[in-house]
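Have a look at upload.cif below; it lists mmCIF, C-alpha atoms.
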```cif
data_my_file
#
loop_
_atom_site.label_atom_id
_atom_site.label_comp_id
_atom_site.auth_asym_id
_atom_site.auth_seq_id
_atom_site.Cartn_x
_atom_site.Cartn_y
_atom_site.Cartn_z
CA GLY A 1 0.00 0.00 0.00
CA GLU A 2 0.85 3.68 0.11
CA ASN A 3 3.60 4.86 2.47
CA VAL A 4 3.43 8.45 3.68
CA GLU A 5 6.38 9.97 5.53
CA GLN A 6 5.95 13.22 7.46
CA HIS A 7 8.54 15.55 8.96
CA PRO A 8 9.18 16.98 11.44
CA SER A 9 7.41 15.09 14.21
CA THR A 10 7.47 18.18 16.42
CA LEU A 11 7.73 21.85 15.49
CA SER A 12 7.89 24.86 17.78
CA VAL A 13 7.63 28.39 16.43
CA GLN A 14 7.14 31.86 17.80
CA GLU A 15 3.81 33.55 17.20
CA GLY A 16 3.92 35.35 13.86
CA ASP A 17 6.56 33.10 12.34
CA SER A 18 5.91 30.62 9.55
CA ALA A 19 5.66 26.85 9.93
CA VAL A 20 6.40 24.28 7.23
CA ILE A 21 5.56 20.60 7.36
CA LYS A 22 6.73 18.22 4.65
CA CYS A 23 5.43 14.87 3.44
CA THR A 24 6.48 12.33 0.87
CA TYR A 25 4.46 9.52 -0.62
CA SER A 26 5.37 6.33 -2.44
CA ASP A 27 2.48 5.46 -4.73
CA SER A 28 2.55 7.44 -7.97
CA ALA A 29 -1.16 6.61 -8.42
CA SER A 30 -2.08 8.78 -5.41
CA ASN A 31 -4.07 11.73 -6.67
CA TYR A 32 -5.48 13.60 -3.70
CA PHE A 33 -3.58 15.06 -0.74
CA PRO A 34 -5.49 16.50 2.21
CA TRP A 35 -4.13 18.02 5.39
CA TYR A 36 -5.92 17.58 8.69
CA LYS A 37 -5.62 19.39 12.00
CA GLN A 38 -6.40 17.41 15.12
CA GLU A 39 -6.70 18.85 18.59
CA LEU A 40 -6.28 16.59 21.59
CA GLY A 41 -9.12 14.09 21.91
CA LYS A 42 -11.01 15.53 18.95
CA ARG A 43 -11.71 14.53 15.40
CA PRO A 44 -9.38 15.46 12.53
CA GLN A 45 -10.54 18.55 10.69
CA LEU A 46 -9.75 19.11 7.03
CA ILE A 47 -7.86 22.38 6.63
CA ILE A 48 -6.76 22.28 3.01
CA ASP A 49 -6.37 19.78 0.20
CA ILE A 50 -4.77 19.58 -3.21
CA ARG A 51 -5.34 17.39 -6.21
CA SER A 52 -2.63 15.94 -8.40
CA ASN A 53 -3.40 18.23 -11.32
CA VAL A 54 -2.56 21.32 -9.26
CA GLY A 55 0.85 22.46 -8.01
CA GLU A 56 -0.15 24.94 -5.36
CA LYS A 57 -3.22 26.04 -3.43
CA LYS A 58 -3.67 28.80 -0.90
CA ASP A 59 -6.38 29.63 1.61
CA GLN A 60 -5.65 32.72 3.68
CA ARG A 61 -2.69 31.85 5.96
CA ILE A 62 -2.46 28.25 4.78
CA ALA A 63 -0.92 27.01 1.56
CA VAL A 64 -0.04 23.60 0.18
CA THR A 65 2.43 22.77 -2.59
CA LEU A 66 2.72 19.52 -4.51
CA ASN A 67 5.63 18.17 -6.53
CA LYS A 68 4.36 15.09 -8.33
CA THR A 69 7.71 14.25 -9.87
CA ALA A 70 9.43 14.14 -6.51
CA LYS A 71 6.32 12.76 -4.78
CA HIS A 72 6.31 15.30 -2.02
CA PHE A 73 3.94 17.91 -0.74
CA SER A 74 4.18 20.55 1.95
CA LEU A 75 1.98 22.60 4.24
CA HIS A 76 2.86 26.22 4.88
CA ILE A 77 1.28 28.24 7.67
CA THR A 78 2.15 31.93 7.79
CA GLU A 79 1.65 34.39 10.63
CA THR A 80 1.14 31.57 13.10
CA GLN A 81 -1.09 32.07 16.11
CA PRO A 82 -1.30 30.13 19.40
CA GLU A 83 -4.60 28.62 18.26
CA ASP A 84 -2.75 26.96 15.39
CA SER A 85 -1.15 24.66 17.98
CA ALA A 86 -2.33 21.11 17.27
CA VAL A 87 -1.25 17.92 15.54
CA TYR A 88 -1.24 18.16 11.76
CA PHE A 89 -1.53 15.11 9.52
CA CYS A 90 -0.86 14.85 5.84
CA ALA A 91 -2.50 12.10 3.84
CA ALA A 92 -2.48 10.61 0.37
CA LYS A 93 -5.39 8.99 -1.39
CA THR A 94 -4.68 6.06 -3.67
CA ALA A 95 -6.81 5.15 -6.63
CA PRO A 96 -9.21 2.87 -4.71
CA GLY A 97 -10.14 5.76 -2.44
CA ARG A 98 -8.26 4.91 0.69
CA LEU A 99 -6.50 7.62 2.72
CA TYR A 100 -3.11 6.88 4.19
CA PHE A 101 -1.84 9.22 6.86
CA GLY A 102 1.58 10.46 7.84
CA ARG A 103 2.68 10.11 11.46
CA GLY A 104 1.69 13.64 12.37
CA THR A 105 3.46 16.83 13.41
CA GLN A 106 2.88 18.38 16.81
CA LEU A 107 2.95 22.12 16.16
CA THR A 108 3.37 24.44 19.13
CA VAL A 109 3.08 28.17 18.63
CA TRP A 110 4.51 30.18 21.52
CA PRO A 111 2.95 33.58 22.27
CA GLY B 1 -23.30 20.07 6.16
CA ALA B 2 -21.31 16.80 6.05
CA VAL B 3 -21.67 15.90 9.72
CA VAL B 4 -20.63 12.48 10.95
CA SER B 5 -21.53 11.20 14.39
CA GLN B 6 -20.30 8.24 16.40
CA HIS B 7 -21.80 6.42 19.32
CA PRO B 8 -20.77 5.80 21.99
CA SER B 9 -18.11 8.43 22.59
CA ARG B 10 -16.41 6.25 25.19
CA VAL B 11 -16.92 2.74 26.41
CA ILE B 12 -15.34 0.59 29.08
CA CYS B 13 -15.83 -3.14 28.88
CA LYS B 14 -14.52 -6.35 30.38
CA SER B 15 -12.10 -8.56 28.53
CA GLY B 16 -13.92 -11.14 26.42
CA THR B 17 -17.01 -9.07 25.71
CA SER B 18 -18.00 -7.55 22.38
CA VAL B 19 -18.47 -3.86 21.74
CA LYS B 20 -20.41 -2.22 18.92
CA ILE B 21 -19.58 1.26 17.65
CA GLU B 22 -21.94 3.14 15.35
CA CYS B 23 -20.98 5.67 12.70
CA ARG B 24 -23.70 7.79 11.11
CA SER B 25 -23.71 10.39 8.38
CA LEU B 26 -26.33 12.88 9.56
CA ASP B 27 -27.01 15.07 6.57
CA PHE B 28 -25.74 13.16 3.57
CA GLN B 29 -25.70 9.68 2.15
CA ALA B 30 -22.38 7.92 2.47
CA THR B 31 -21.85 5.05 0.08
CA THR B 32 -18.41 4.56 1.57
CA MET B 33 -17.27 4.83 5.15
CA PHE B 34 -13.84 4.17 6.62
CA TRP B 35 -12.73 2.92 10.02
CA TYR B 36 -9.48 4.06 11.59
CA ARG B 37 -7.67 3.25 14.77
CA GLN B 38 -5.49 5.76 16.58
CA PHE B 39 -3.12 5.07 19.45
CA PRO B 40 -2.12 7.91 21.81
CA LYS B 41 0.07 10.45 20.05
CA LYS B 42 0.12 8.30 16.94
CA SER B 43 -1.28 8.54 13.46
CA LEU B 44 -4.58 7.27 12.13
CA MET B 45 -4.31 3.73 10.85
CA LEU B 46 -6.83 2.70 8.23
CA MET B 47 -8.49 -0.54 9.30
CA ALA B 48 -11.12 -1.10 6.65
CA THR B 49 -13.27 0.41 3.94
CA SER B 50 -16.98 -0.10 4.36
CA ASN B 51 -19.27 -0.03 1.34
CA GLU B 52 -23.04 0.03 1.66
CA GLY B 53 -24.56 -3.32 0.87
CA SER B 54 -21.31 -5.20 0.41
CA LYS B 55 -18.53 -6.74 2.43
CA ALA B 56 -15.92 -4.49 3.96
CA THR B 57 -12.40 -4.40 2.57
CA TYR B 58 -9.83 -4.85 5.31
CA GLU B 59 -6.29 -3.54 5.33
CA GLN B 60 -3.43 -5.98 5.61
CA GLY B 61 -2.93 -7.18 9.16
CA VAL B 62 -6.44 -6.32 10.36
CA GLU B 63 -8.37 -9.37 11.54
CA LYS B 64 -11.76 -9.39 9.86
CA ASP B 65 -13.18 -11.86 12.38
CA LYS B 66 -12.05 -9.61 15.20
CA PHE B 67 -13.35 -6.35 13.79
CA LEU B 68 -16.74 -6.98 12.20
CA ILE B 69 -18.02 -4.22 9.96
CA ASN B 70 -21.56 -3.86 8.71
CA HIS B 71 -22.73 -1.08 6.39
CA ALA B 72 -26.45 -1.76 6.27
CA SER B 73 -27.64 1.60 5.00
CA LEU B 74 -26.36 4.73 3.30
CA THR B 75 -26.13 6.51 6.64
CA LEU B 76 -24.95 3.86 9.06
CA SER B 77 -21.87 1.69 9.45
CA THR B 78 -21.06 -0.33 12.55
CA LEU B 79 -17.81 -1.72 13.88
CA THR B 80 -18.02 -4.58 16.36
CA VAL B 81 -14.91 -5.48 18.32
CA THR B 82 -15.47 -9.11 19.18
CA SER B 83 -14.02 -10.79 22.27
CA ALA B 84 -12.23 -7.59 23.19
CA HIS B 85 -8.87 -7.72 24.95
CA PRO B 86 -6.85 -4.96 26.63
CA GLU B 87 -4.68 -4.58 23.52
CA ASP B 88 -7.81 -3.55 21.62
CA SER B 89 -8.04 -0.44 23.77
CA SER B 90 -7.71 2.50 21.43
CA PHE B 91 -9.42 5.47 19.82
CA TYR B 92 -11.60 4.35 16.93
CA ILE B 93 -12.63 6.95 14.36
CA CYS B 94 -14.87 6.58 11.36
CA SER B 95 -15.11 8.81 8.33
CA ALA B 96 -17.48 9.10 5.43
CA ILE B 97 -17.23 10.40 1.93
CA SER B 98 -19.76 13.00 0.91
CA GLY B 99 -21.42 11.82 -2.27
CA SER B 100 -20.87 15.02 -4.23
CA ALA B 101 -17.21 15.50 -3.33
CA GLN B 102 -16.24 11.84 -3.45
CA GLU B 103 -12.81 12.66 -2.03
CA THR B 104 -13.17 14.73 1.10
CA GLN B 105 -13.48 12.53 4.15
CA TYR B 106 -15.45 13.87 7.07
CA PHE B 107 -14.56 12.33 10.39
CA GLY B 108 -16.68 11.32 13.31
CA PRO B 109 -15.73 12.45 16.82
CA GLY B 110 -14.22 9.10 17.68
CA THR B 111 -14.91 6.41 20.26
CA ARG B 112 -12.48 5.74 23.06
CA LEU B 113 -12.51 2.05 23.97
CA LEU B 114 -10.97 0.78 27.19
CA VAL B 115 -10.90 -2.96 27.75
CA LEU B 116 -10.19 -4.02 31.31
#
```

Please lay out the structure from this file as structure tokens.
Amino acid sequence: GENVEQHPSTLSVQEGDSAVIKCTYSDSASNYFPWYKQELGKRPQLIIDIRSNVGEKKDQRIAVTLNKTAKHFSLHITETQPEDSAVYFCAAKTAPGRLYFGRGTQLTVWP
Amino acid sequence: GAVVSQHPSRVICKSGTSVKIECRSLDFQATTMFWYRQFPKKSLMLMATSNEGSKATYEQGVEKDKFLINHASLTLSTLTVTSAHPEDSSFYICSAISGSAQETQYFGPGTRLLVL
């Protein structure tokens, strides 16, 4: 099956700085790449996604880039705020529709 | 829209008993639902894909006789952990695909299972 690697596992930034989380995937058939934010004990919430026919997508302070050739995609959060602190998961969807998740990144934004 | 609920939110049971967890799509019809397992501070591990009216597709290493999945209607899938043991204690989360989007998965709030 698909193998998704995510780095770093933990990330601490000062409020206002940018945060970048990177993921790689193994299955070239994967065509959909969502990012989820999960707060402790709660459900994952979709924050942004990108499809394989697009290289970049932005939504306010959040952006995602995709390099299909290199099989990697990244999440960029600008002007971070303390409420951005959470665990972020990247995922890749293979052709049959299954989502495979990275191990997660614990983001801490210090005020 | 696209709300998914799960019941119960937490359950404690004795070793050897079976536990049923329900996953419902409240405002849309979900032809496909997914079941995940999450250990503390770990990622979501896909267990199985549940299709309405057909048998579930299990991921490699997941015991289908241990984790019974039934998707009887377009709004309900159930996961039954049979003969539960302490190692089955975990956070179980379901998700459903909204028919129109077909890609975006909406997650339920999860069920925390503790087997004593």

All residues 9 Å or closer to Thr75 of chain B, only C-alpha atoms, same chain fewer than 4 positions away omitted, as a ChimeraX atom specification: /B:23-31,52,71

Include C-alpha atoms and write out the residues we just selected as a tab-separated table (two decimals), keeping the file's coordinate frame.
```tsv
chain	number	residue	atom	x	y	z
B	23	CYS	CA	-20.98	5.67	12.70
B	24	ARG	CA	-23.70	7.79	11.11
B	25	SER	CA	-23.71	10.39	8.38
B	26	LEU	CA	-26.33	12.88	9.56
B	27	ASP	CA	-27.01	15.07	6.57
B	28	PHE	CA	-25.74	13.16	3.57
B	29	GLN	CA	-25.70	9.68	2.15
B	30	ALA	CA	-22.38	7.92	2.47
B	31	THR	CA	-21.85	5.05	0.08
B	52	GLU	CA	-23.04	0.03	1.66
B	71	HIS	CA	-22.73	-1.08	6.39
```

Compile the residues of chain B that lie within 7 Å of chain A, evaluated using only C-alpha atoms, and express the compilation as a PyMOL selection string. chain B and resi 42-44+46+107-110

So that I have them on file, write out the residues from the current selection with C-alpha atoms, as a PDB file, keeping the file's coordinate frame.
```pdb
ATOM      1  CA  LYS B  42       0.120   8.300  16.940  1.00  0.00           C
ATOM      2  CA  SER B  43      -1.280   8.540  13.460  1.00  0.00           C
ATOM      3  CA  LEU B  44      -4.580   7.270  12.130  1.00  0.00           C
ATOM      4  CA  LEU B  46      -6.830   2.700   8.230  1.00  0.00           C
ATOM      5  CA  PHE B 107     -14.560  12.330  10.390  1.00  0.00           C
ATOM      6  CA  GLY B 108     -16.680  11.320  13.310  1.00  0.00           C
ATOM      7  CA  PRO B 109     -15.730  12.450  16.820  1.00  0.00           C
ATOM      8  CA  GLY B 110     -14.220   9.100  17.680  1.00  0.00           C
TER       9      GLY B 110
END
```

Can you work out which one of A:Ser85, A:Thr94, A:Thr69, A:Ile62 has the shortest atom-to-atom distance to Leu11 of chain A, counting all atoms listed in the file? A:Ser85

Applying 7 Å and only C-alpha atoms, which residues near Val19 of chain B remain after dropping the ones on its own chain fewer than 6 positions away? List them as a ChimeraX atom specification. /B:80-82

Expand the PyMOL selection byres ((chain B and resi 68) around 12) into the explicit residue set it covers here, and present it as a PyMOL selection string. chain B and resi 18-22+35+47-50+55-58+62-67+69-71+77-84

At what distance in Å, to one decimal, does atom CA of Pro82 of chain A lie from atom CA of Gln14 of chain A?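 Taking atom CA of Gln14 of chain A and atom CA of Pro82 of chain A, their separation equals 8.8 Å.
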
Interatomic distance (Å, one decimal) between atom CA of Ala63 of chain A and atom CA of Ile77 of chain A: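 Atom-to-atom, atom CA of Ala63 of chain A to atom CA of Ile77 of chain A, that is 6.6 Å.
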
Report, in Å with one decimal, the straight-line distance from atom CA of Leu74 of chain B to atom CA of Glu39 of chain A.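 Taking atom CA of Leu74 of chain B and atom CA of Glu39 of chain A, their separation equals 28.6 Å.
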
Would you mind telling me which residue in A:Val64, A:Val4, A:Ala19, A:Ala29 lies nearest to Thr78 of chain A when using all atoms listed in the file?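 Result for the nearest residue to Thr78 of chain A: A:Ala19.
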
Using the chain letters and numbers from the file, which residues does the PyMOL selection byres ((chain B and resi 87-94) around 6) grab, as an MDAnalysis selection string? chainID B and resid 34:39 85:86 95 107:108 110:115

Find the residues near Val109 of chain A: any atom within 8 Å, counting all atoms listed in the file, skip ones fewer than 4 places away on the same chain, and give them as a count of residues only. 10

Ala92 of chain A proximity check over A:Ile21, A:Lys71, A:His7, A:Gln38, using all atoms listed in the file: winner is A:Lys71

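Residues of protein, DNA and RNA with at least one atom no farther than 6 Å from (-21.1, 14.8, 7.8) are, using all atoms listed in the file, B:Gly1, B:Ala2, B:Val3, B:Val4, B:Ser25, B:Leu26, B:Tyr106.
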
Contacts of Asn3 of chain A at 7 Å or less, counting only C-alpha atoms, minus same-chain residues fewer than 2 places along, as a list in words?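 The residues that qualify are Gly1, Glu5, Tyr25 and Ser26 of chain A.
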
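With all atoms listed in the file as the atoms that count, the minimum distance from Leu76 of chain B to the choices B:Arg10, B:Glu103, B:Gly61, B:Thr32 is reached by B:Thr32.
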
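Each of A:Asn67, A:Ser18, A:Thr24, A:Gln60 was compared to Glu2 of chain A using all atoms listed in the file, and A:Thr24 turns out to be the nearest.
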
Reconstruct N, CA and C atoms of segment 79-107 of chain B; output as an mmCIF file, in the frame of the given file.
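Produced file result22.cif, reproduced below:
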```cif
data_model
loop_
_atom_site.group_PDB
_atom_site.id
_atom_site.type_symbol
_atom_site.label_atom_id
_atom_site.label_comp_id
_atom_site.auth_asym_id
_atom_site.auth_seq_id
_atom_site.Cartn_x
_atom_site.Cartn_y
_atom_site.Cartn_z
ATOM 1 N N LEU B 79 -19.027 -0.951 13.636
ATOM 2 C CA LEU B 79 -17.810 -1.720 13.880
ATOM 3 C C LEU B 79 -18.014 -2.472 15.187
ATOM 4 N N THR B 80 -17.899 -3.779 15.150
ATOM 5 C CA THR B 80 -18.020 -4.580 16.360
ATOM 6 C C THR B 80 -16.670 -5.201 16.680
ATOM 7 N N VAL B 81 -16.166 -4.874 17.848
ATOM 8 C CA VAL B 81 -14.910 -5.480 18.320
ATOM 9 C C VAL B 81 -15.320 -6.716 19.107
ATOM 10 N N THR B 82 -15.025 -7.868 18.559
ATOM 11 C CA THR B 82 -15.470 -9.110 19.180
ATOM 12 C C THR B 82 -14.417 -9.635 20.160
ATOM 13 N N SER B 83 -14.898 -10.218 21.250
ATOM 14 C CA SER B 83 -14.020 -10.790 22.270
ATOM 15 C C SER B 83 -12.853 -9.833 22.551
ATOM 16 N N ALA B 84 -13.221 -8.653 23.006
ATOM 17 C CA ALA B 84 -12.230 -7.590 23.190
ATOM 18 C C ALA B 84 -11.193 -7.964 24.250
ATOM 19 N N HIS B 85 -9.960 -7.537 24.002
ATOM 20 C CA HIS B 85 -8.870 -7.720 24.950
ATOM 21 C C HIS B 85 -8.223 -6.380 25.220
ATOM 22 N N PRO B 86 -7.456 -6.265 26.304
ATOM 23 C CA PRO B 86 -6.850 -4.960 26.630
ATOM 24 C C PRO B 86 -6.068 -4.334 25.481
ATOM 25 N N GLU B 87 -5.451 -5.149 24.636
ATOM 26 C CA GLU B 87 -4.680 -4.580 23.520
ATOM 27 C C GLU B 87 -5.562 -3.948 22.446
ATOM 28 N N ASP B 88 -6.879 -4.190 22.551
ATOM 29 C CA ASP B 88 -7.810 -3.550 21.620
ATOM 30 C C ASP B 88 -8.177 -2.141 22.073
ATOM 31 N N SER B 89 -7.767 -1.786 23.273
ATOM 32 C CA SER B 89 -8.040 -0.440 23.770
ATOM 33 C C SER B 89 -7.401 0.578 22.843
ATOM 34 N N SER B 90 -8.202 1.531 22.403
ATOM 35 C CA SER B 90 -7.710 2.500 21.430
ATOM 36 C C SER B 90 -8.788 3.542 21.170
ATOM 37 N N PHE B 91 -8.475 4.472 20.294
ATOM 38 C CA PHE B 91 -9.420 5.470 19.820
ATOM 39 C C PHE B 91 -9.824 5.052 18.411
ATOM 40 N N TYR B 92 -11.107 4.789 18.226
ATOM 41 C CA TYR B 92 -11.600 4.350 16.930
ATOM 42 C C TYR B 92 -12.369 5.493 16.282
ATOM 43 N N ILE B 93 -11.998 5.828 15.062
ATOM 44 C CA ILE B 93 -12.630 6.950 14.360
ATOM 45 C C ILE B 93 -13.147 6.467 13.009
ATOM 46 N N CYS B 94 -14.349 6.897 12.679
ATOM 47 C CA CYS B 94 -14.870 6.580 11.360
ATOM 48 C C CYS B 94 -14.865 7.850 10.513
ATOM 49 N N SER B 95 -14.954 7.666 9.224
ATOM 50 C CA SER B 95 -15.110 8.810 8.330
ATOM 51 C C SER B 95 -16.035 8.397 7.196
ATOM 52 N N ALA B 96 -16.576 9.376 6.531
ATOM 53 C CA ALA B 96 -17.480 9.100 5.430
ATOM 54 C C ALA B 96 -17.185 10.068 4.294
ATOM 55 N N ILE B 97 -17.431 9.557 3.108
ATOM 56 C CA ILE B 97 -17.230 10.400 1.930
ATOM 57 C C ILE B 97 -18.576 11.014 1.569
ATOM 58 N N SER B 98 -18.569 12.318 1.379
ATOM 59 C CA SER B 98 -19.760 13.000 0.910
ATOM 60 C C SER B 98 -19.950 12.687 -0.561
ATOM 61 N N GLY B 99 -21.161 12.295 -0.911
ATOM 62 C CA GLY B 99 -21.420 11.820 -2.270
ATOM 63 C C GLY B 99 -20.974 12.767 -3.344
ATOM 64 N N SER B 100 -21.184 14.072 -3.164
ATOM 65 C CA SER B 100 -20.870 15.020 -4.230
ATOM 66 C C SER B 100 -19.372 15.208 -4.383
ATOM 67 N N ALA B 101 -18.652 15.243 -3.272
ATOM 68 C CA ALA B 101 -17.210 15.500 -3.330
ATOM 69 C C ALA B 101 -16.424 14.254 -3.686
ATOM 70 N N GLN B 102 -16.847 13.141 -3.166
ATOM 71 C CA GLN B 102 -16.240 11.840 -3.450
ATOM 72 C C GLN B 102 -14.811 11.701 -2.961
ATOM 73 N N GLU B 103 -14.196 12.755 -2.513
ATOM 74 C CA GLU B 103 -12.810 12.660 -2.030
ATOM 75 C C GLU B 103 -12.687 13.101 -0.583
ATOM 76 N N THR B 104 -13.306 14.187 -0.243
ATOM 77 C CA THR B 104 -13.170 14.730 1.100
ATOM 78 C C THR B 104 -13.791 13.786 2.111
ATOM 79 N N GLN B 105 -12.990 13.398 3.088
ATOM 80 C CA GLN B 105 -13.480 12.530 4.150
ATOM 81 C C GLN B 105 -13.814 13.369 5.366
ATOM 82 N N TYR B 106 -15.011 13.177 5.873
ATOM 83 C CA TYR B 106 -15.450 13.870 7.070
ATOM 84 C C TYR B 106 -15.433 12.871 8.220
ATOM 85 N N PHE B 107 -14.784 13.257 9.286
ATOM 86 C CA PHE B 107 -14.560 12.330 10.390
ATOM 87 C C PHE B 107 -15.596 12.463 11.485
#
```
